[in-house]
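Just query_8.txt here, compact mmCIF, C-alpha atoms and all ligand atoms:
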# COMPACT_ATOMS: atom_id res chain seq x y z
CA MET A 221 200.98 128.54 93.53
CA LYS A 222 198.14 126.54 94.98
CA SER A 223 196.49 124.49 92.28
CA LEU A 224 192.70 124.00 92.36
CA GLY A 225 192.80 121.00 90.12
CA CYS A 226 194.83 119.73 87.23
CA THR A 227 196.60 122.04 84.83
CA GLU A 228 196.84 121.67 81.11
CA ILE A 229 198.88 123.73 78.72
CA ILE A 230 196.60 125.16 76.07
CA ASN A 231 197.36 126.72 72.72
CA CYS A 232 197.05 130.41 73.17
CA CYS A 233 199.20 133.50 73.01
CA LEU A 234 199.67 136.35 75.32
CA THR A 235 198.30 139.38 73.64
CA LYS A 236 199.07 141.97 76.26
CA ILE A 237 200.73 142.44 79.59
CA ILE A 238 200.17 145.77 81.29
CA CYS A 239 202.50 146.58 84.14
CA SER A 240 202.10 149.38 86.62
CA SER A 241 203.41 150.01 90.07
CA ASP A 242 202.84 151.99 93.21
CA VAL A 243 205.03 152.51 96.24
CA SER A 244 204.89 148.95 97.46
CA HIS A 245 203.49 146.76 94.65
CA ILE A 246 203.84 145.93 90.98
CA HIS A 247 200.55 145.23 89.21
CA TYR A 248 200.19 143.04 86.15
CA THR A 249 197.16 142.60 83.97
CA ILE A 250 197.55 139.87 81.41
CA THR A 251 195.40 139.25 78.36
CA THR A 252 195.51 136.07 76.34
CA SER A 253 194.09 135.06 73.00
CA PHE A 254 192.11 132.32 74.70
CA PRO A 255 188.50 133.36 75.33
CA ALA A 256 187.05 133.15 78.81
CA SER A 257 184.99 130.05 79.29
CA PRO A 258 182.77 129.00 82.17
CA GLN A 259 184.36 125.55 81.95
CA PHE A 260 187.64 126.88 83.29
CA SER A 261 187.80 128.26 86.75
CA SER A 262 190.91 130.29 86.04
CA PHE A 263 194.20 130.46 84.26
CA SER A 264 197.72 130.60 85.48
CA LEU A 265 200.51 132.12 83.56
CA THR A 266 204.07 130.96 83.92
CA ILE A 267 206.61 133.28 82.43
CA LYS A 268 209.49 131.44 83.93
CA PRO A 269 209.01 128.23 85.86
CA SER A 270 209.21 130.13 89.11
CA TRP A 271 206.95 133.02 88.09
CA SER A 272 203.35 132.06 88.17
CA PHE A 273 200.46 134.45 87.93
CA PHE A 274 197.16 133.43 89.33
CA PRO A 275 194.72 134.69 88.26
CA LEU A 276 195.41 136.90 85.26
CA SER A 277 195.38 140.09 87.22
CA VAL A 278 197.91 140.14 90.02
CA SER A 279 199.80 142.42 92.28
CA VAL A 280 203.10 141.37 93.78
CA PRO A 281 205.19 143.12 96.41
CA LYS A 282 208.11 145.08 95.10
CA THR A 283 210.32 143.05 97.36
CA SER A 284 209.68 140.00 95.15
CA ASN A 285 211.89 139.37 92.17
CA PHE A 286 209.24 140.23 89.62
CA PRO A 287 210.28 142.79 86.99
CA GLU A 288 208.52 146.13 86.74
CA THR A 289 208.39 145.80 82.98
CA ILE A 290 207.83 142.65 80.99
CA TRP A 291 208.87 142.55 77.38
CA PHE A 292 207.09 139.33 76.72
CA LYS A 293 208.45 138.94 73.22
CA LYS A 294 211.78 138.34 74.90
CA PHE A 295 210.36 135.24 76.60
CA PRO A 296 209.58 132.92 73.73
CA PHE A 297 207.83 129.60 74.18
CA PRO A 298 208.42 127.41 76.22
CA PHE A 299 209.14 130.09 78.78
CA ILE A 300 205.75 131.62 78.16
CA MET A 301 203.00 129.16 78.86
CA VAL A 302 199.40 129.67 79.72
CA LYS A 303 197.87 126.88 81.69
CA LYS A 304 194.22 126.31 82.17
CA ILE A 305 193.26 125.33 85.70
CA VAL A 306 190.35 122.98 85.56
CA LYS A 307 187.74 122.99 88.33
CA GLY A 308 188.46 119.62 89.89
CA PRO A 309 189.60 116.11 89.31
CA THR A 310 186.87 115.46 86.76
CA GLY A 311 188.86 117.74 84.49
CA SER A 312 192.08 115.83 85.02
CA SER A 313 193.37 114.66 81.68
CA LYS A 314 194.31 111.30 83.21
CA VAL A 315 190.77 110.75 84.52
CA LYS A 316 189.35 111.84 81.15
CA GLU A 317 191.63 109.44 79.32
CA GLN A 318 190.98 106.51 81.61
CA TRP A 319 187.36 106.72 82.76
CA ARG A 320 186.11 104.54 79.88
CA LYS A 321 188.62 101.82 80.64
CA VAL A 322 187.69 101.93 84.34
CA TYR A 323 183.97 101.97 83.54
CA ASP A 324 184.23 98.97 81.20
CA GLY A 325 186.36 97.15 83.79
CA ILE A 326 183.66 97.62 86.43
CA ALA A 327 180.92 96.59 83.97
CA LYS A 328 182.82 93.41 83.18
CA MET A 329 183.25 92.57 86.86
CA ARG A 330 179.54 93.22 87.45
CA GLU A 331 178.56 90.78 84.68
CA GLY A 332 179.87 87.91 86.78
CA ILE A 333 178.49 89.02 90.14
CA GLU A 334 174.93 89.23 91.36
CA ALA A 335 174.55 92.06 93.85
CA PRO A 336 171.60 92.77 96.19
CA VAL A 337 170.60 95.73 93.99
CA ASP A 338 170.08 93.34 91.06
CA VAL A 339 167.52 91.22 92.88
CA GLU A 340 166.10 93.57 95.49
CA GLY A 341 166.74 97.04 94.02
CA ALA A 342 164.09 99.71 93.57
CA SER A 343 163.11 98.50 90.10
CA THR A 344 162.11 95.10 91.48
CA LEU A 345 159.95 96.16 94.42
CA ALA A 346 156.54 97.04 93.00
CA ASP A 347 153.88 94.37 92.41
CA GLN A 348 153.84 94.36 88.61
CA THR A 349 150.41 92.69 88.47
CA LEU A 350 148.73 95.86 89.77
CA GLU A 351 147.40 98.74 87.68
CA PRO A 352 150.19 101.08 86.38
CA ARG A 353 149.51 103.94 88.80
CA LEU A 354 149.97 101.56 91.77
CA VAL A 355 153.15 100.11 90.27
CA ARG A 356 154.49 103.69 90.10
CA TYR A 357 153.28 104.43 93.63
CA GLN A 358 154.90 101.30 95.10
CA THR A 359 158.16 102.06 93.27
CA LEU A 360 158.20 105.55 94.77
CA ILE A 361 157.48 104.26 98.27
CA GLY A 362 160.19 101.61 97.82
CA LEU A 363 162.67 104.34 96.93
CA LEU A 364 161.63 106.40 99.92
CA LEU A 365 162.04 103.44 102.27
CA SER A 366 165.39 102.46 100.75
CA SER A 367 167.20 105.62 101.81
CA GLN A 368 170.00 104.63 104.26
CA THR A 369 168.54 101.14 104.44
CA LYS A 370 169.94 97.88 103.10
CA ASP A 371 168.16 96.45 100.07
CA PRO A 372 167.00 93.21 101.79
CA VAL A 373 165.41 95.21 104.65
CA THR A 374 163.62 97.50 102.18
CA ALA A 375 162.40 94.51 100.16
CA LYS A 376 161.05 92.78 103.28
CA THR A 377 159.29 95.96 104.45
CA ILE A 378 157.67 96.56 101.07
CA GLU A 379 156.42 92.96 101.02
CA LYS A 380 154.87 93.46 104.46
CA LEU A 381 153.14 96.67 103.32
CA GLN A 382 151.94 95.01 100.11
CA SER A 383 150.37 92.18 102.07
CA ARG A 384 148.31 94.78 103.99
CA GLY A 385 147.59 97.03 100.99
CA LEU A 386 150.22 99.43 99.69
CA THR A 387 148.02 102.04 98.04
CA PRO A 388 147.90 105.83 98.42
CA GLU A 389 144.32 105.47 99.68
CA ARG A 390 145.31 103.25 102.63
CA MET A 391 148.52 105.17 103.41
CA ALA A 392 146.64 108.48 103.48
CA GLU A 393 144.23 107.05 106.07
CA ILE A 394 146.56 105.11 108.38
CA SER A 395 147.92 106.90 111.46
CA VAL A 396 151.58 107.88 111.41
CA GLU A 397 152.16 105.80 114.55
CA ASP A 398 150.68 102.62 113.03
CA LEU A 399 152.59 103.15 109.80
CA ALA A 400 155.84 103.70 111.72
CA GLU A 401 155.23 100.37 113.39
CA GLU A 402 154.57 98.64 110.04
CA ILE A 403 157.82 99.91 108.57
CA TYR A 404 159.87 99.40 111.73
CA GLY A 405 163.32 98.11 110.73
CA VAL A 406 164.07 100.65 108.01
CA SER A 407 166.18 103.57 109.15
CA PHE A 408 164.38 106.76 110.25
CA HIS A 409 161.08 104.87 110.27
CA ASN A 410 159.24 107.62 112.18
CA ASN A 411 160.17 110.31 109.66
CA LYS A 412 159.52 108.01 106.73
CA ALA A 413 156.05 107.20 108.08
CA LYS A 414 155.24 110.93 108.13
CA TYR A 415 156.61 111.38 104.58
CA ILE A 416 154.65 108.40 103.20
CA LYS A 417 151.38 109.59 104.67
CA LYS A 418 151.86 113.19 103.50
CA THR A 419 153.06 112.12 100.03
CA SER A 420 150.05 109.83 99.65
CA GLN A 421 147.67 112.63 100.61
CA ILE A 422 149.29 114.99 98.06
CA LEU A 423 149.15 112.36 95.32
CA LEU A 424 145.43 111.82 95.96
CA GLU A 425 144.62 115.53 96.18
CA LYS A 426 146.69 116.75 93.24
CA TYR A 427 147.41 113.85 90.90
CA ASN A 428 144.43 111.43 91.13
CA GLY A 429 146.47 109.00 93.20
CA ASP A 430 149.19 108.69 90.55
CA VAL A 431 152.82 109.88 90.65
CA PRO A 432 153.54 112.63 88.10
CA ASN A 433 156.00 112.24 85.25
CA ASP A 434 157.83 115.43 86.13
CA PHE A 435 161.12 115.80 88.02
CA LYS A 436 160.15 119.07 89.74
CA LYS A 437 156.82 117.69 90.92
CA VAL A 438 158.33 114.43 92.15
CA ILE A 439 161.14 116.14 94.04
CA ALA A 440 158.59 118.44 95.69
CA LEU A 441 156.97 115.45 97.44
CA PRO A 442 157.91 115.05 101.14
CA GLY A 443 160.97 112.86 101.71
CA ILE A 444 161.87 112.58 98.02
CA GLY A 445 165.38 113.73 97.11
CA PRO A 446 167.09 114.10 93.72
CA LYS A 447 168.48 110.55 93.77
CA MET A 448 165.02 109.06 94.30
CA ALA A 449 163.40 111.34 91.73
CA HIS A 450 165.98 110.43 89.07
CA LEU A 451 165.59 106.71 89.78
CA PHE A 452 161.81 106.94 89.84
CA LEU A 453 161.59 108.68 86.44
CA GLN A 454 164.04 106.22 84.99
CA ILE A 455 162.31 103.10 86.28
CA CYS A 456 158.71 104.19 85.69
CA PHE A 457 158.93 106.47 82.65
CA ASP A 458 162.28 105.53 81.11
CA ARG A 459 163.37 109.15 81.47
CA THR A 460 166.94 110.08 82.33
CA GLU A 461 167.37 113.60 83.61
CA GLY A 462 170.39 113.14 85.84
CA ILE A 463 172.61 110.65 87.64
CA ALA A 464 171.19 109.12 90.80
CA VAL A 465 173.94 109.36 93.41
CA ASP A 466 173.70 107.41 96.63
CA THR A 467 176.35 106.59 99.19
CA HIS A 468 177.95 103.87 96.98
CA VAL A 469 178.11 106.08 93.88
CA HIS A 470 179.47 108.97 95.96
CA ARG A 471 182.17 106.87 97.63
CA ILE A 472 183.33 105.01 94.53
CA SER A 473 183.37 108.12 92.31
CA ASN A 474 185.66 109.79 94.83
CA ARG A 475 187.89 106.73 95.11
CA LEU A 476 188.25 106.58 91.33
CA GLY A 477 188.95 110.31 91.02
CA TRP A 478 185.79 110.80 88.95
CA ALA A 479 184.68 113.31 91.55
CA LYS A 480 186.25 115.26 94.35
CA SER A 481 183.28 116.14 96.43
CA LYS A 482 181.90 116.39 99.92
CA ASN A 483 178.33 115.32 99.22
CA PRO A 484 176.21 113.41 96.67
CA ILE A 485 174.88 116.60 95.03
CA GLU A 486 178.43 117.74 94.17
CA THR A 487 179.25 114.21 93.01
CA MET A 488 176.18 114.21 90.76
CA LYS A 489 177.25 117.47 89.09
CA GLN A 490 180.85 116.31 88.59
CA LEU A 491 179.80 112.90 87.25
CA GLN A 492 177.41 114.56 84.83
CA GLU A 493 180.34 116.60 83.50
CA LEU A 494 182.50 113.53 83.09
CA LEU A 495 180.17 110.83 81.78
CA PRO A 496 178.22 111.00 78.51
CA LYS A 497 174.45 111.30 78.99
CA LYS A 498 173.75 107.92 77.46
CA LEU A 499 175.39 106.32 80.54
CA TRP A 500 173.59 108.39 83.17
CA GLY A 501 170.75 105.93 83.45
CA GLU A 502 172.87 102.87 84.13
CA VAL A 503 175.72 104.20 86.24
CA ASN A 504 173.77 104.04 89.52
CA GLU A 505 173.01 100.31 89.36
CA LEU A 506 176.49 99.57 88.06
CA LEU A 507 178.27 101.31 90.94
CA VAL A 508 175.78 100.37 93.65
CA GLY A 509 176.27 96.67 92.86
CA PHE A 510 180.04 97.16 92.66
CA GLY A 511 179.95 98.92 96.04
CA GLN A 512 177.82 96.19 97.60
CA THR A 513 180.14 93.40 96.50
CA ILE A 514 183.72 94.56 95.83
CA CYS A 515 184.39 98.24 96.46
CA THR A 516 182.73 98.11 99.85
CA ALA A 517 182.80 101.06 102.26
CA LYS A 518 184.94 99.26 104.81
CA LYS A 519 187.79 97.08 103.61
CA PRO A 520 187.23 97.16 99.84
CA LYS A 521 188.27 93.89 98.20
CA CYS A 522 191.04 95.41 96.10
CA ASN A 523 192.70 92.00 95.67
CA GLU A 524 189.61 90.87 93.72
CA CYS A 525 189.30 94.07 91.70
CA ASP A 526 190.28 94.09 88.02
CA ILE A 527 190.83 97.85 87.88
CA VAL A 528 193.26 97.98 90.77
CA LYS A 529 196.04 99.35 88.57
CA LEU A 530 193.85 102.25 87.48
CA CYS A 531 192.55 103.11 90.95
CA PRO A 532 193.93 106.30 92.56
CA TYR A 533 192.52 105.28 95.95
CA TYR A 534 194.40 101.98 95.90
CA LYS A 535 197.58 103.74 94.82
CA SER A 536 197.26 106.30 97.60
CA LYS A 537 196.93 103.50 100.17
CA HIS A 538 199.81 101.42 98.76
CA LYS A 539 202.48 103.97 98.01
CA ASP A 540 205.40 101.72 98.92
S1 LIG B 601 191.02 98.90 93.69
FE1 LIG B 601 189.91 98.78 95.62
S2 LIG B 601 189.28 100.88 96.09
FE2 LIG B 601 189.88 100.81 93.92
S3 LIG B 601 187.96 100.45 92.81
FE3 LIG B 601 188.89 98.46 93.17
S4 LIG B 601 187.99 97.75 95.11
FE4 LIG B 601 187.59 99.95 94.96
Could you rewrite the structure in this file as structure tokens?
Ligand code: SF4
Amino acid sequence: MKSLGCTEIINCCLTKIICSSDVSHIHYTITTSFPASPQFSSFSLTIKPSWSFFPLSVSVPKTSNFPETIWFKKFPFPFIMVKKIVKGPTGSSKVKEQWRKVYDGIAKMREGIEAPVDVEGASTLADQTLEPRLVRYQTLIGLLLSSQTKDPVTAKTIEKLQSRGLTPERMAEISVEDLAEEIYGVSFHNNKAKYIKKTSQILLEKYNGDVPNDFKKVIALPGIGPKMAHLFLQICFDRTEGIAVDTHVHRISNRLGWAKSKNPIETMKQLQELLPKKLWGEVNELLVGFGQTICTAKKPKCNECDIVKLCPYYKSKHKD
């Protein structure tokens, strides 16, 4: 049986097994006392170790060794087990048991290390002496510029823009070409110039030159993705509506087995299932700094890492 994730034996009884057959197949429909739940992707039923049903309604060829009638009372526990198949590694009981220990281990390591995100991250970019709407605007533009760009480059670019006037009024007026030149050095500077100009125009037309305190409205602005919108609301309005997942958070979550995902959106959903909401606001900065200094994309410094014994990625690379 191909497993989709981890399996856990749960306390439930079989209440019914209906068997029927046709010329070539035997059909089983199995009912358990355990109610269906959207948390579980499916169940498997093992009547004997070698007989696994997946899902609860199955047909097997008559040529297999499955019986045409099952008198399930004759198969007392432990031969009758119902296992819940959880959707992914975030449901793994080991991950659930250990995530807190791993999280605290990373937090402790981070206490002693200053990472670029701590001194040049999005929360540090705006000129705090300006009126609040401009502080919010500069934070948003900093987040937009920071996508796929190293923190020091973003910080330098924001400083350059601030020295020339980083306001929605000026950005709405400047030509895309001139703006692209001003932000040259950040990745995708041509696209980002278009996004900044358009976003600035929308903010002036719809929101009096301020950035709204609303996830849906922020994410609707050109060039603003879920990660930026979550970070923006957190920094500027102290609102946590989701976990901001960037490349560091995505990579590390997968290395730790907190997520098994192909993209940051999947990672965000899986992390939000695993971590309590009170941590959603801090996990981004924690893992970004950890990824910038120790759990780097290339050649992570596992010999300096305190959670090496709890790391599935390390174990998979050092099996011998
Ligand atoms: S052991 Fe290595 S891969 Fe695992 S979290 Fe630590 S640095 Fe990252």
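Using only C-alpha atoms and all ligand atoms, residues with at least one atom at most 8 Å away from any atom of ligand LIG 601 (chain B) are Ile472, Arg475, Leu476, Gly511, Ile514, Cys515, Thr516, Pro520, Lys521, Cys522, Asn523, Glu524, Cys525, Asp526, Ile527, Val528, Lys529, Leu530, Cys531, Pro532, Tyr533 and Tyr534 of chain A.
Distance check against A:Asp458 using only C-alpha atoms: of A:Trp500, A:Tyr404, A:Tyr427, A:Phe510, the minimum falls on A:Trp500.
In this comparison, which uses all atoms listed in the file, the residue of A:Val339, A:Val503, A:Val406, A:Ala400 approaching A:Thr374 most closely is A:Val406.
Distances from A:Gln454, A:Asn474, A:Asn504, A:Asn410 to A:Thr359 were compared using all atoms listed in the file, and the smallest one belongs to A:Gln454.
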Kindly list the centre and edge lengths in Å, rounded to one decimal, for the axis-aligned box that covers all listed atoms of stretch 365-384 of chain A plus 8 Å on each of its six sides, as AutoDock Vina command-line options.
--center_x 159.2 --center_y 98.9 --center_z 102.4 --size_x 37.7 --size_y 29.4 --size_z 20.6
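The space between atom CA of A:Gly501 and atom CA of A:Pro446 spans 13.6 Å.
Of the residues listed (A:Leu386, A:Leu495, A:Ile439, A:Ile455), A:Leu386 shows the shortest atom-to-atom separation from A:Gln358; distances use all atoms listed in the file.
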Taking only C-alpha atoms into account, produce a table as a Markdown table in which each residue of stretch 432-483 of chain A with an atom at most 7 Å from an atom of stretch 411-420 of chain A appears once, together with its shortest atom pair and the distance in Å to one decimal, ordered by chain and rising number.
| residue | atom | partner | partner_atom | distance |
| --- | --- | --- | --- | --- |
| A:Leu441 | CA | A:Thr419 | CA | 5.8 |
| A:Pro442 | CA | A:Tyr415 | CA | 5.2 |
| A:Gly443 | CA | A:Tyr415 | CA | 5.4 |
Exercise. What is the atom CA of A:Glu317 to atom CA of A:Gly477 distance in Å?
Worked result: 12.0 Å
Seminar exercise, completed: Min atom-atom distance to A:Lys328 from the set A:Leu507, A:Glu425, A:His450, A:Phe408, counting only C-alpha atoms, belongs to A:Leu507
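Atom pair atom CA of A:Leu399 / atom CA of A:Gln512 has a distance of 28.9 Å (rounded to one decimal).
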Problem set entry | Test item: residues at most 9 Å from A:Asp434, all atoms listed in the file, excluding those fewer than 3 positions along its chain, as a list in words | Val431, Lys437, Val438, Ile439, Ala449 and Leu453 of chain A
